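> Before I ask anything, here is the structure I am working with.
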Amino acid sequence: FRTAVRALGPLALLVLWWAASATGALTPDVLASPADVVRAVGELWGNGQLPDALGASLTRSGLGLLLGLAVGLTAGVVTGFTRLGDELLDSTMQTLRTVPFLSLVPLFMVWFGINEIAKILLIAVATTFPMYVSTSSGVRGTDARLVEAMRSFGMSRFAIVREVVLPGALPSLLAGLRLSMTLSVIALIAAEEINATAGIGYLMAQAQSYARTDVLAVCILVYGLLGLLADALVRLLERVLMPWRRAER
């Protein structure tokens, strides 16, 4: 039932889109009709352009996300669990967090050129800070008495982090993961504007050159579906890792 309710909004937009196209209120030069978009999907899939573009885009997004999550998680644990790490690192991370990642595009092009490294690093920068903030906050929220108790039993710092701190910070970690995965798609769109020669952004650039609004709509829908898929994946992880939350609702 909940899934059906969630689907009502997208279905309503689809009906409005179809009606506007059918009545002529929405002309093909502004936006192609749903039927034309479906035909474009078949065309792009049949000639292999869409699978190739998806593979390139998912590789960029995945590598950038993994790098950003690793940096954000590590820095968050260091600043949240150790006073020295907090004093040395947190102010720097908080300052860098305020810099919009889109403003780094020209600088990354100067530093790394227009190759894949610039694109992957841009996605990594965008996804690092949500994970850092959530991890640091979750680690700081760990019961200090429990940590001291584990130390009194002779557990090492690494073992305490692994066995006590990270499990206790799991809700915050998943919240950071959710934000980071969403931002990885947004950053992917920006990254693929850096003279991409493959990927969904490249398809969009080609479609713009030929005024193919049907292909542009396909690319926009693919970006949206990637975002929804990322969100659904984190929801699934929440259900698997924190089943008690589902029971409470």
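Labels used: A, B, ... for chains in the order of the structure tokens, numbers from 1 for residues in each chain, and numbers from 1 for ligands as shown.
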Might you pull out every residue within 7 Å of range 215-222 of chain A, with only C-alpha atoms counted and same-chain residues fewer than 4 positions away left off, and present them as a list in words?
Val37, Ala40, Val41, Ile200, Met204, Ala207 and Leu226 of chain A
> Would you mind exporting C-alpha atoms of the selected residues as a compact mmCIF listing (two decimals), in the first residue's frame?

```txt
# COMPACT_ATOMS: atom_id res chain seq x y z
CA VAL A 37 10.96 9.15 -25.10
CA ALA A 40 14.36 6.95 -27.86
CA VAL A 41 15.13 4.51 -25.05
CA ILE A 200 25.12 10.07 -19.73
CA MET A 204 23.15 14.89 -23.25
CA ALA A 207 21.47 15.45 -27.93
CA LEU A 226 19.97 6.65 -10.38
```
> Which is closer to Val105 in chain A than all the others in A:Val78, A:Met242, A:Leu233, A:Ile123, using only C-alpha atoms?
A:Ile123
> What's the separation between CA of Leu69 in chain A and CA of Thr128 in chain A, in Å to one decimal place?
5.7 Å
> Neighbours of Thr182 in chain A within 8 Å (only C-alpha atoms; same-chain residues fewer than 5 positions away dropped), as number ranges by chain?
A: 227, 230-231
> As an MDAnalysis selection string, please: all residues of range 76-153 of chain A that backbone DSSP puts in alpha helix (DSSP H).
chainID A and resid 76:81 83:85 91:97 105:112 116:140 144:152
> Leu146 in chain A: which residues within 12 Å, counting only C-alpha atoms, same-chain residues fewer than 6 positions away excluded, as a list in words?
Ser152, Phe153, Met155, Ile160, Val161, Glu163, Val164, Val165 and Gly168 of chain A
> So which one's closest to Val125 in chain A, A:Pro167, A:Pro34, A:Pro100, A:Gly68? Using only C-alpha atoms, please.
A:Gly68
> Write out as a list of chain:residue names each polymer residue whose atoms come within 10 Å of Glu116 in chain A, counting only C-alpha atoms; drop sequence neighbours fewer than 2 positions from it.
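Those residues are A:Arg60, A:Phe112, A:Gly113, A:Ile114, A:Ala118, A:Lys119, A:Ile120, A:Leu121, A:Leu122, A:Ala191, A:Glu192, A:Ile194, A:Ala196, A:Thr197.
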> Take the residues from that selection and write them out as a JSON list (two decimals), in the first residue's frame, keeping N, CA and C atoms.

```json
[["chain", "number", "residue", "atom", "x", "y", "z"],
["A", 60, "ARG", "N", 32.25, 6.11, -12.85],
["A", 60, "ARG", "CA", 32.70, 7.40, -12.28],
["A", 60, "ARG", "C", 32.06, 7.64, -10.93],
["A", 112, "PHE", "N", 44.06, 18.82, -13.12],
["A", 112, "PHE", "CA", 44.05, 17.44, -13.61],
["A", 112, "PHE", "C", 43.68, 17.31, -15.09],
["A", 113, "GLY", "N", 43.38, 18.43, -15.73],
["A", 113, "GLY", "CA", 42.96, 18.36, -17.12],
["A", 113, "GLY", "C", 41.52, 17.91, -17.23],
["A", 114, "ILE", "N", 41.16, 17.35, -18.38],
["A", 114, "ILE", "CA", 39.76, 16.95, -18.62],
["A", 114, "ILE", "C", 39.62, 15.43, -18.62],
["A", 118, "ALA", "N", 39.80, 14.10, -12.80],
["A", 118, "ALA", "CA", 39.09, 15.31, -12.37],
["A", 118, "ALA", "C", 37.63, 14.99, -12.05],
["A", 119, "LYS", "N", 37.00, 14.17, -12.85],
["A", 119, "LYS", "CA", 35.59, 13.84, -12.64],
["A", 119, "LYS", "C", 35.40, 13.02, -11.37],
["A", 120, "ILE", "N", 36.25, 12.02, -11.19],
["A", 120, "ILE", "CA", 36.14, 11.16, -10.00],
["A", 120, "ILE", "C", 36.42, 11.95, -8.72],
["A", 121, "LEU", "N", 37.44, 12.80, -8.75],
["A", 121, "LEU", "CA", 37.77, 13.58, -7.56],
["A", 121, "LEU", "C", 36.68, 14.59, -7.21],
["A", 122, "LEU", "N", 36.03, 15.15, -8.23],
["A", 122, "LEU", "CA", 34.93, 16.09, -7.96],
["A", 122, "LEU", "C", 33.80, 15.37, -7.23],
["A", 191, "ALA", "N", 30.22, 16.70, -13.05],
["A", 191, "ALA", "CA", 31.49, 16.15, -13.53],
["A", 191, "ALA", "C", 31.44, 15.84, -15.01],
["A", 192, "GLU", "N", 30.29, 15.39, -15.48],
["A", 192, "GLU", "CA", 30.19, 15.02, -16.89],
["A", 192, "GLU", "C", 30.03, 16.21, -17.82],
["A", 194, "ILE", "N", 32.49, 18.26, -17.80],
["A", 194, "ILE", "CA", 33.90, 18.54, -18.06],
["A", 194, "ILE", "C", 34.34, 17.76, -19.29],
["A", 196, "ALA", "N", 33.20, 15.49, -21.28],
["A", 196, "ALA", "CA", 33.11, 14.02, -21.24],
["A", 196, "ALA", "C", 33.03, 13.46, -22.66],
["A", 197, "THR", "N", 33.66, 12.32, -22.86],
["A", 197, "THR", "CA", 33.59, 11.63, -24.15],
["A", 197, "THR", "C", 32.83, 10.32, -24.02]]
```
> With only C-alpha atoms as the atoms that count, which of A:Tyr132, A:Phe108, A:Tyr210, A:Phe81 lies nearest to Ala175 in chain A?
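That would be A:Tyr132, the residue with the smallest distance to Ala175 in chain A.
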> Could you name the residues that touch Asp29 in chain A at 9 Å or less, counting only C-alpha atoms, but leaving out those on the same chain fewer than 5 positions away, as a list in words?
Ala211, Arg212 and Thr213 of chain A
> Excluding Thr74 in chain A and residues on its chain fewer than 6 positions from it, collect all residues at most 12 Å away from it, counting only C-alpha atoms, and give them as a PyMOL selection string.
chain A and resi 67-68+80-82+85+89+128-129+131-136+139+161+166+173
> Using only C-alpha atoms, find the one residue out of A:Pro130, A:Pro28, A:Gly48, A:Gly55 that sits nearest to Val71 in chain A.
A:Pro130
> Work out how far apart CA of Met109 in chain A and CA of Glu193 in chain A are and give it in Å to one decimal.
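CA of Glu193 in chain A lies at a distance of 11.1 Å from CA of Met109 in chain A.
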> Of the candidates A:Asp90, A:Gly62, A:Ala35, A:Ala126, which one gets nearest to Leu104 in chain A if we count only C-alpha atoms?
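When distances to Leu104 in chain A are compared using only C-alpha atoms, the smallest one comes from A:Ala126.
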> Considering only C-alpha atoms, state which residue in the set A:Leu88, A:Leu96, A:Ala70, A:Leu102 is at the smallest distance from Ser180 in chain A.
A:Ala70
